[in-house]
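For reference, the structure discussed in these notes is given below.
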Amino acid sequence: MIHFGYGVMADATTDYDRNDRRIAEYLLEHEPSVNLCIGCGSCTAACSTGRMVEFNIRRLHTLIRRGETLKLKKEIMKCMFCGKCQLVCPRGVNLRNVILTINRALEQTG
Amino acid sequence: MINFNLFVLPFFLGLIYVVFAIGRSWYRWIRSLPASDKVRLTTMFRQPRQVLLALGEVCTEALLHRRMWKRNPLLGYMHMSFALGWFLLIVCGNLESRYYSGSHLNAPYYPIFLKFFIHDRLVIFFEVFSVPGFFRFLMDLLLLFVLSGLVLAMVKRKRSKWFGLKRTAEFQLTDVVSLTCLWLIFPMRLLAESFTAGYYGSGGGFLTQSLGNLVMTVMPFTSEYIPYSMWWGYSLVLGLFFITLPYTRYMHIPTEVLLIFFRHAGIRPKKWYSGFSDAEVLACSRCGVCIDVCPLNEAGIVDAQAVYFIRGLRDQYVPESVSRMCLLCGRCQEACPVGLHTDSLRLIKRRELVSGQETDFSWLASAAPGPVALETRHIPRQAEVAYFAGCMSHLTPAVIRSMRRIMDQAGINWVQLDEDGSVCCGRPLMVAGKDTQASQLMEFNKNQVLATGARLLVTSCPICYRVFREDYNLPVRIQHHSQFILDLVKTGKIPLQAHFRKVAYHDPCDLGRGSGVYEAPRELLTKIADLVEVGQDAHNAQCCGGSLGIFTATQEQRNDMAAAALDVLLENQPEVLATACPLCKKTFAKQSPVPVKDIAELVCDAMPNPVYCSASGQSRRAGSYAT
Amino acid sequence: MYKNIIIVGGGIAGMAAAAALSEIGMEVTVLEREKLPGGHVRSWDRLFPTLRAAKEVLDFLNKSLGLLTEIICDIEVGSIVPTPGGYTIHCTNGDIFTTGCLVLATGYDLFDARKKEEYGFGIYENVITSADLEKIFREGNQVTTCGGQVPRRVGIIHCVGSRDEKVGNIYCSKVCCVTGVKQAIEIRQMLPDCEIFSFYMDLRMYDRHFEELYFEAQQKWNVNFIRGRLSECAENPDHSIILKTEDTLTGHPLKLTVDLVVLLVGFVPGSSARKITGSLGLLQGTDGFLLPADEHTAGNRTLLPGVFLAGAVKGPACVVDTIADGRATAVEVYRYMKHSEVAK
């Protein structure tokens, strides 16, 4: 478990100075298209999983890019890989590989 | 000991080594097969018919290279001249040596270097009708046959286009060594035999004796060490070739034989790496046929083709991106002259890559309404036909709408399983290597299907269709909508009126190569349209580039692949481009100058007075609920 | 030397250029594909941001054309071929024009919303485009659903065919944002009980008084702006449309049923411009629109002598900018003609 060193109110703030951005950096290196996201939410809206359970892929990869990776693993595991998100993305983000890469990064950073 | 000379040692040792090395590999692979496959193998050897069939295939593929011939005659001839020529040289050489030794049992090197050992036995030059004369003629002819192949092999390195190959596989250092030896073997044999025949004035056939005589005329030599050193050279290159063989692409020669036996025993690729995978990896001759057919070329990707991926497997180094840089379109598999399961191998690697990653689909069990209000979600009611549109079809609503109209028109009692969005069929997870996790989704969908009591499951998505058929084990019939609609048309349930001009049909990978459905869509289309010819279709159809099989391609690369596929499809100026896959449809629609329509849409448009049912519901209630 | 200037395209850019040129005494011929000049603006009812009638602007341009301008309508240019010292224009009806100076003001096409299949245009009857809505306004008709009912809820979808890699257009069409706001207000003016939901990625109120219009839409007309791009539509049995999007500001997927959907279709390069580009060899940008010689310093010139570009042939532009650009072209043409006369 990564020690984030947050105080009691840590969840309220994205502490960009102290957050662990290893996953973000790994992700950007292996799937740079994630940087093209403009946060339009098409992916979340189209998501087959998100229709049935709390799962917001846009929020997830945005949080990762901000270094907020604490609750990530449980969340990302819900993805079915169906690829609809990728098919609606107006920016051509390669979302299925984004998720695979995040999985990989989580595996490596423990 | 008359029939021995020190120079045979390099060859002899090399031969012992290569036999040992091949034997060891074969033993290992067979040992690592799952128990059921071992049983298959032993069962086969108890059935002479199966063994004969396998031997037959060894002859047609490993020797004659039938599939290579089909690809390109020049390429086929080149491979055949090497394989068949060398094989016959060995067989005839053995027969020939019997004549001289009078024994059936000769040292392995004796037939190989026969001309050295018998150089002093005078035989009338070019006397074809005597036994030795006949053999001399035959052996020279075979040598010429192999040499012709060698010349072609050299030409191929410079002019691969003549052999139907735009690109050929890049070489590794070991390959270069081995290739050099291989290329030297037969010229060395020619020189050794010719020089010997020339020096001693006898012992050669029409080729070697004439060449030998010519050499003696042009630059006569007096030392017998000159032909003798040639024999040393011949033996050395043979020995070196044998020693390097297990470590180079030429291991494919013995491996292909074993692989053919494996296949005839009914051994199929497994989900995990096994002895069968080893046999497939080493049976790859790196002929390069898979390079040209790969759609990735169109996107400028030149390091992920099957030949390079399989080479990586053999070297135990495949970059992760290469494993995932494959459309799984199956085009290389279709073209592979050795019949390798290139897609299965790629999937095995992907499974290894994600073996430590977990998924969590526990939410499926509760199927609790999530953030989206699911008030329309319902437990499937009883129906004859269960329709599963598929995730992607939700982005092509025209397909779903056409299907609904068609089913209503045919008076079918149907229910759509994924009216309000799908639980994925599982195949997209499987192509990521997550088979075990996919089984949870499959279980969910299976129960959905069974709950309807339907006898027929129809899907609009070839990806779903393939996984339903291959992995679901459903006790109901499964059809892609092209097959389903064709049946409806054939039984007269759908009257067709309109006729379209000039339609080109694109075969979706998972429907065509993946599931073998080529005819149904064509038959259906010919009823409502004039099909225009497509340059590369059916088994050889281009992938649209939108495949879920690939993970690491960028959007631009996908666009390039789609553009290339469109070029082929639109060559004969169709007015409509038809396909039978929502993903292909969306991919092409992005760039196509002509409308792209699903086969279901075209049928719907061709119906005279479709029952009006603009969405799920109303007329279904009026029509189907009543039945 | 040819004295006559030919303007291909009688939209507002072509008209503005012709008016300015004839005013300074140059002979101009405008070739227009349609039956009347005016281009797309002929189909618009009221213009943003002031909601003044589009017809007023067209009338002004028509009046200012002057005596030296000849407008030939109902004629389509097939190809333009360079000749020594000028250009020959071949029309599809067989007419041939020659000129030494050519202004391309062929404009743009509207994005074909059927290409965005998941939005249901051409599939669901209650999905219309902003151009359809404008036509309803212009013809003085009532905004209704396909069943003739007064809609209680209307969804306005921004960025249809623009900023969308999936249809091959990654550029912004600039004017749809403010058009959406304008049309939202207009629907509210017509149907005070109708709720409006605008789905947007960004609202680009870039020009003068645009932001004020947005402000008014919120303050006075209570238009709901939801920041989330539509992913797909579905149709209910009663033909109402279910919109699926993410409300990105709450972070939750959002589902909403509306009676009518308006797709704000963007600009795509005109088909006529594409034809002419082929025969003349003009440069295109990555977006497919024509490129001027220099985007900053020679915005109306091309690399071909005597060929000029005016208006939306160079990419999305609003009415104000297009008229200004037509006039700017006139200045460039005048300078060119003067120099070539001096040279003679």
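Going by the structure tokens order, chains are called A, B, ..., each with residues numbered from 1, while ligands are numbered from 1 in the order shown.
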
Counting only C-alpha atoms, chain C residues within 10 Å of chain A, as a ChimeraX atom specification: /C:116,118,159,161-170,199-202,227-232,243-249,251-255

For N, CA and C atoms, I'd like the residues from the last selection saved as an mmCIF file, in the first residue's frame.
data_model
loop_
_atom_site.group_PDB
_atom_site.id
_atom_site.type_symbol
_atom_site.label_atom_id
_atom_site.label_comp_id
_atom_site.auth_asym_id
_atom_site.auth_seq_id
_atom_site.Cartn_x
_atom_site.Cartn_y
_atom_site.Cartn_z
ATOM 1 N N LYS C 116 -23.414 10.607 -38.249
ATOM 2 C CA LYS C 116 -23.290 10.401 -36.798
ATOM 3 C C LYS C 116 -24.466 9.512 -36.408
ATOM 4 N N GLU C 118 -25.246 7.241 -34.342
ATOM 5 C CA GLU C 118 -25.741 7.021 -32.979
ATOM 6 C C GLU C 118 -26.633 8.162 -32.488
ATOM 7 N N CYS C 159 -21.737 20.518 -31.227
ATOM 8 C CA CYS C 159 -20.588 19.821 -31.830
ATOM 9 C C CYS C 159 -20.979 18.545 -32.579
ATOM 10 N N GLY C 161 -20.550 16.706 -35.726
ATOM 11 C CA GLY C 161 -19.717 16.753 -36.928
ATOM 12 C C GLY C 161 -18.536 17.694 -36.797
ATOM 13 N N SER C 162 -18.427 18.341 -35.660
ATOM 14 C CA SER C 162 -17.253 19.185 -35.412
ATOM 15 C C SER C 162 -16.541 18.647 -34.170
ATOM 16 N N ARG C 163 -15.275 18.930 -34.074
ATOM 17 C CA ARG C 163 -14.463 18.479 -32.938
ATOM 18 C C ARG C 163 -14.688 16.997 -32.679
ATOM 19 N N ASP C 164 -14.805 16.242 -33.733
ATOM 20 C CA ASP C 164 -15.102 14.824 -33.574
ATOM 21 C C ASP C 164 -14.219 14.004 -34.506
ATOM 22 N N GLU C 165 -13.215 13.438 -33.908
ATOM 23 C CA GLU C 165 -12.279 12.611 -34.670
ATOM 24 C C GLU C 165 -13.006 11.450 -35.345
ATOM 25 N N LYS C 166 -14.095 11.000 -34.743
ATOM 26 C CA LYS C 166 -14.801 9.823 -35.252
ATOM 27 C C LYS C 166 -15.526 10.087 -36.576
ATOM 28 N N VAL C 167 -15.727 11.355 -36.922
ATOM 29 C CA VAL C 167 -16.257 11.623 -38.260
ATOM 30 C C VAL C 167 -15.177 12.265 -39.130
ATOM 31 N N GLY C 168 -13.989 12.311 -38.609
ATOM 32 C CA GLY C 168 -12.860 12.815 -39.377
ATOM 33 C C GLY C 168 -12.687 14.330 -39.327
ATOM 34 N N ASN C 169 -13.488 15.021 -38.507
ATOM 35 C CA ASN C 169 -13.356 16.485 -38.404
ATOM 36 C C ASN C 169 -12.909 16.850 -36.997
ATOM 37 N N ILE C 170 -11.671 17.253 -36.850
ATOM 38 C CA ILE C 170 -11.288 17.612 -35.486
ATOM 39 C C ILE C 170 -11.364 19.120 -35.250
ATOM 40 N N PHE C 199 -26.609 20.309 -24.554
ATOM 41 C CA PHE C 199 -25.495 19.439 -24.175
ATOM 42 C C PHE C 199 -24.232 19.894 -24.908
ATOM 43 N N TYR C 200 -23.221 20.269 -24.145
ATOM 44 C CA TYR C 200 -22.039 20.865 -24.769
ATOM 45 C C TYR C 200 -20.761 20.280 -24.189
ATOM 46 N N MET C 201 -19.675 20.427 -24.927
ATOM 47 C CA MET C 201 -18.348 20.066 -24.403
ATOM 48 C C MET C 201 -17.675 21.305 -23.850
ATOM 49 N N ASP C 202 -17.673 22.365 -24.662
ATOM 50 C CA ASP C 202 -17.218 23.697 -24.250
ATOM 51 C C ASP C 202 -18.166 24.659 -24.940
ATOM 52 N N ARG C 227 -22.993 20.038 -19.139
ATOM 53 C CA ARG C 227 -21.691 19.816 -19.755
ATOM 54 C C ARG C 227 -21.428 18.321 -19.935
ATOM 55 N N GLY C 228 -21.724 17.844 -21.104
ATOM 56 C CA GLY C 228 -21.492 16.434 -21.408
ATOM 57 C C GLY C 228 -21.861 16.204 -22.849
ATOM 58 N N ARG C 229 -21.046 15.404 -23.523
ATOM 59 C CA ARG C 229 -21.315 15.178 -24.933
ATOM 60 C C ARG C 229 -22.228 13.965 -25.065
ATOM 61 N N LEU C 230 -23.174 14.066 -25.972
ATOM 62 C CA LEU C 230 -24.111 12.969 -26.188
ATOM 63 C C LEU C 230 -23.354 11.753 -26.717
ATOM 64 N N SER C 231 -23.620 10.589 -26.114
ATOM 65 C CA SER C 231 -22.976 9.393 -26.662
ATOM 66 C C SER C 231 -23.918 8.673 -27.622
ATOM 67 N N GLU C 232 -25.189 8.579 -27.270
ATOM 68 C CA GLU C 232 -26.110 7.912 -28.179
ATOM 69 C C GLU C 232 -27.555 8.262 -27.827
ATOM 70 N N LEU C 243 -31.859 10.532 -24.384
ATOM 71 C CA LEU C 243 -30.486 10.992 -24.606
ATOM 72 C C LEU C 243 -29.591 10.378 -23.551
ATOM 73 N N LYS C 244 -28.439 9.868 -23.970
ATOM 74 C CA LYS C 244 -27.491 9.318 -23.003
ATOM 75 C C LYS C 244 -26.215 10.134 -23.043
ATOM 76 N N THR C 245 -25.858 10.630 -21.887
ATOM 77 C CA THR C 245 -24.677 11.481 -21.814
ATOM 78 C C THR C 245 -24.105 11.348 -20.411
ATOM 79 N N GLU C 246 -22.983 11.991 -20.187
ATOM 80 C CA GLU C 246 -22.512 12.081 -18.814
ATOM 81 C C GLU C 246 -22.637 13.519 -18.381
ATOM 82 N N ASP C 247 -23.207 13.726 -17.231
ATOM 83 C CA ASP C 247 -23.158 15.061 -16.660
ATOM 84 C C ASP C 247 -21.781 15.174 -16.019
ATOM 85 N N THR C 248 -20.853 15.710 -16.775
ATOM 86 C CA THR C 248 -19.462 15.645 -16.314
ATOM 87 C C THR C 248 -19.231 16.494 -15.075
ATOM 88 N N LEU C 249 -20.151 17.410 -14.794
ATOM 89 C CA LEU C 249 -19.939 18.262 -13.619
ATOM 90 C C LEU C 249 -20.397 17.571 -12.334
ATOM 91 N N GLY C 251 -20.282 14.101 -12.517
ATOM 92 C CA GLY C 251 -19.542 12.855 -12.660
ATOM 93 C C GLY C 251 -20.446 11.642 -12.781
ATOM 94 N N HIS C 252 -21.704 11.846 -13.124
ATOM 95 C CA HIS C 252 -22.612 10.715 -13.257
ATOM 96 C C HIS C 252 -23.178 10.625 -14.669
ATOM 97 N N PRO C 253 -23.390 9.404 -15.124
ATOM 98 C CA PRO C 253 -24.103 9.261 -16.390
ATOM 99 C C PRO C 253 -25.492 9.861 -16.242
ATOM 100 N N LEU C 254 -26.012 10.381 -17.334
ATOM 101 C CA LEU C 254 -27.301 11.049 -17.266
ATOM 102 C C LEU C 254 -28.175 10.580 -18.411
ATOM 103 N N LYS C 255 -29.412 10.301 -18.075
ATOM 104 C CA LYS C 255 -30.359 9.868 -19.079
ATOM 105 C C LYS C 255 -31.515 10.847 -19.055
#

Identify all chain B residues at most 10 Å from chain A by counting only C-alpha atoms; ligands do not count. Present them as a PyMOL selection string. chain B and resi 321+324+353-354+356-364+366-374+390-395+420-432+434+437-438+441+546-548+550-556+583+586-587

Which one of B:Ser32, B:Ser223, B:Gln573, B:Ser402 sits closest to chain C if you count only C-alpha atoms?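 Nearest candidate to chain C out of B:Ser32, B:Ser223, B:Gln573, B:Ser402: B:Ser402.
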
Nearest to chain C among B:Asn5, B:Ser285, B:Thr396, B:Gln479, with distances taken over only C-alpha atoms: which residue is it?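 Ranking B:Asn5, B:Ser285, B:Thr396, B:Gln479 by distance to chain C, first place goes to B:Thr396.
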
Determine, counting only C-alpha atoms, which protein, DNA and RNA residues have an atom within 12 Å of an atom of Ala279 (chain B); residues of the same chain fewer than 2 positions away are not included. Present the result as a VMD selection string. chain B and resid 22 25 to 30 32 to 33 251 to 263 267 to 269 273 to 277 281 to 285 310 313 to 314 338 to 341 345

Pick out each residue of region 60-130 of chain C that DSSP on the backbone tags as alpha helix (DSSP H); I need them as JSON, numbers by chain. {"C": [60, 61, 62, 63, 130]}

Best match for closeness to chain C among B:Gly514, B:Val399, B:Ala529, B:Met325, counting only C-alpha atoms: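 Closest to chain C of all the choices is B:Val399.
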
Can you list, as a PDB file with N, CA, C and O atoms, in the first residue's frame, every protein, DNA or RNA residue that comes within 8 Å of Leu486 (chain B) when you count only C-alpha atoms, leaving out same-chain residues fewer than 6 positions away?
ATOM      1  N   ALA B 520     -24.007 -16.922 -46.663  1.00  0.00           N
ATOM      2  CA  ALA B 520     -25.329 -16.395 -46.289  1.00  0.00           C
ATOM      3  C   ALA B 520     -25.490 -14.918 -46.641  1.00  0.00           C
ATOM      4  O   ALA B 520     -26.462 -14.540 -47.305  1.00  0.00           O
ATOM      5  N   PRO B 521     -24.559 -14.057 -46.252  1.00  0.00           N
ATOM      6  CA  PRO B 521     -24.732 -12.641 -46.604  1.00  0.00           C
ATOM      7  C   PRO B 521     -24.751 -12.409 -48.108  1.00  0.00           C
ATOM      8  O   PRO B 521     -25.520 -11.584 -48.609  1.00  0.00           O
ATOM      9  N   GLU B 523     -25.707 -14.574 -50.466  1.00  0.00           N
ATOM     10  CA  GLU B 523     -26.954 -15.088 -51.032  1.00  0.00           C
ATOM     11  C   GLU B 523     -28.088 -14.099 -50.754  1.00  0.00           C
ATOM     12  O   GLU B 523     -28.913 -13.816 -51.623  1.00  0.00           O
ATOM     13  N   LEU B 524     -28.083 -13.567 -49.538  1.00  0.00           N
ATOM     14  CA  LEU B 524     -29.123 -12.609 -49.163  1.00  0.00           C
ATOM     15  C   LEU B 524     -29.018 -11.344 -50.024  1.00  0.00           C
ATOM     16  O   LEU B 524     -30.016 -10.840 -50.541  1.00  0.00           O
TER      17      LEU B 524
END

Shell of 7 Å around region 276-281 of chain C, only C-alpha atoms, local chain residues under 4 positions omitted, as a list of chain:residue names: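 Listing them by chain and then by number gives C:Ser79, C:Ile80, C:Val81, C:Ser272.
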
Hey, can you spit out that residue selection with N, CA and C atoms as a short mmCIF file (atom, residue, chain, number, x, y, z; two decimals), in the first residue's frame?
data_model
loop_
_atom_site.label_atom_id
_atom_site.label_comp_id
_atom_site.auth_asym_id
_atom_site.auth_seq_id
_atom_site.Cartn_x
_atom_site.Cartn_y
_atom_site.Cartn_z
N SER C 79 -15.28 22.95 -64.03
CA SER C 79 -13.83 22.96 -63.78
C SER C 79 -13.25 24.31 -64.17
N ILE C 80 -12.10 24.59 -63.62
CA ILE C 80 -11.40 25.83 -63.95
C ILE C 80 -10.01 25.45 -64.43
N VAL C 81 -9.67 25.91 -65.62
CA VAL C 81 -8.40 25.50 -66.21
C VAL C 81 -7.52 26.75 -66.38
N SER C 272 -18.23 21.79 -54.03
CA SER C 272 -17.80 22.50 -55.25
C SER C 272 -16.35 22.95 -55.13
#

Atom pair CA of Asn413 (chain B) / CA of Val449 (chain B): separation (Å):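 Value for the CA of Asn413 (chain B)-CA of Val449 (chain B) distance: 14.4 Å.
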
Env of Pro462 (chain B): 9 Å cut, atoms = only C-alpha atoms, seq-sep filter 4 positions within chain, self excluded. Answer as a list of chain:residue names.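 What passes the distance filter is B:Arg466, B:Val467, B:His480, B:Pro508, B:Cys509, B:Asp510, B:Leu511, B:Gly512, B:Gly514, B:Ser515, B:Ala580, B:Cys581, B:Pro582.
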
If you count only C-alpha atoms, which residues fall within 8 Å of region 11-27 of chain A, apart from same-chain ones fewer than 5 positions away, as a list in words?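 Residues meeting the cut-off are Phe4, Tyr6, Pro32, Val34, Ile64, Arg65, Arg66, Gly67, Glu68, Thr69, Val98, Thr101, Ile102, Ala105, Leu106 and Thr109 of chain A.
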
Using N, CA and C atoms, can you write the selected residues to a file as an mmCIF file, in the first residue's frame?
data_model
loop_
_atom_site.group_PDB
_atom_site.id
_atom_site.type_symbol
_atom_site.label_atom_id
_atom_site.label_comp_id
_atom_site.auth_asym_id
_atom_site.auth_seq_id
_atom_site.Cartn_x
_atom_site.Cartn_y
_atom_site.Cartn_z
ATOM 1 N N PHE A 4 0.258 7.754 1.409
ATOM 2 C CA PHE A 4 0.064 9.048 0.785
ATOM 3 C C PHE A 4 0.345 10.206 1.723
ATOM 4 N N TYR A 6 -1.611 11.703 3.814
ATOM 5 C CA TYR A 6 -2.636 12.747 3.885
ATOM 6 C C TYR A 6 -3.078 12.981 5.325
ATOM 7 N N PRO A 32 0.010 7.465 -24.973
ATOM 8 C CA PRO A 32 -0.011 8.933 -24.950
ATOM 9 C C PRO A 32 -1.344 9.536 -25.389
ATOM 10 N N VAL A 34 -4.047 9.309 -24.196
ATOM 11 C CA VAL A 34 -4.884 9.678 -23.048
ATOM 12 C C VAL A 34 -4.809 11.190 -22.797
ATOM 13 N N ILE A 64 -6.316 9.453 -12.291
ATOM 14 C CA ILE A 64 -4.982 8.854 -12.397
ATOM 15 C C ILE A 64 -3.973 9.882 -12.875
ATOM 16 N N ARG A 65 -4.394 10.668 -13.853
ATOM 17 C CA ARG A 65 -3.462 11.667 -14.371
ATOM 18 C C ARG A 65 -3.147 12.727 -13.337
ATOM 19 N N ARG A 66 -4.031 12.861 -12.351
ATOM 20 C CA ARG A 66 -3.755 13.814 -11.267
ATOM 21 C C ARG A 66 -3.009 13.152 -10.113
ATOM 22 N N GLY A 67 -2.762 11.844 -10.261
ATOM 23 C CA GLY A 67 -2.037 11.162 -9.196
ATOM 24 C C GLY A 67 -2.916 10.643 -8.081
ATOM 25 N N GLU A 68 -4.207 10.621 -8.298
ATOM 26 C CA GLU A 68 -5.121 10.095 -7.273
ATOM 27 C C GLU A 68 -5.387 8.633 -7.583
ATOM 28 N N THR A 69 -4.631 7.738 -6.966
ATOM 29 C CA THR A 69 -4.735 6.349 -7.394
ATOM 30 C C THR A 69 -5.232 5.420 -6.286
ATOM 31 N N VAL A 98 -5.813 2.158 -22.655
ATOM 32 C CA VAL A 98 -5.625 2.967 -21.442
ATOM 33 C C VAL A 98 -5.891 2.089 -20.226
ATOM 34 N N THR A 101 -3.310 -0.590 -19.790
ATOM 35 C CA THR A 101 -2.053 -0.005 -19.316
ATOM 36 C C THR A 101 -2.144 0.350 -17.836
ATOM 37 N N ILE A 102 -3.308 0.866 -17.422
ATOM 38 C CA ILE A 102 -3.476 1.176 -15.999
ATOM 39 C C ILE A 102 -3.358 -0.107 -15.178
ATOM 40 N N ALA A 105 0.193 -0.972 -14.909
ATOM 41 C CA ALA A 105 0.913 -0.072 -14.022
ATOM 42 C C ALA A 105 0.596 -0.403 -12.563
ATOM 43 N N LEU A 106 -0.662 -0.717 -12.292
ATOM 44 C CA LEU A 106 -1.046 -1.067 -10.929
ATOM 45 C C LEU A 106 -0.318 -2.323 -10.482
ATOM 46 N N THR A 109 3.367 -1.227 -9.828
ATOM 47 C CA THR A 109 3.644 -0.356 -8.686
ATOM 48 C C THR A 109 3.090 -0.941 -7.395
#

Å distance separating CA of His506 (chain B) from CA of Pro574 (chain B), one decimal place: 11.6 Å

Strand (DSSP E) per DSSP on the backbone: members of region 233-293 of chain C, as an MDAnalysis selection string: chainID C and resid 233:235 241:247 252:258 260:265 267:269
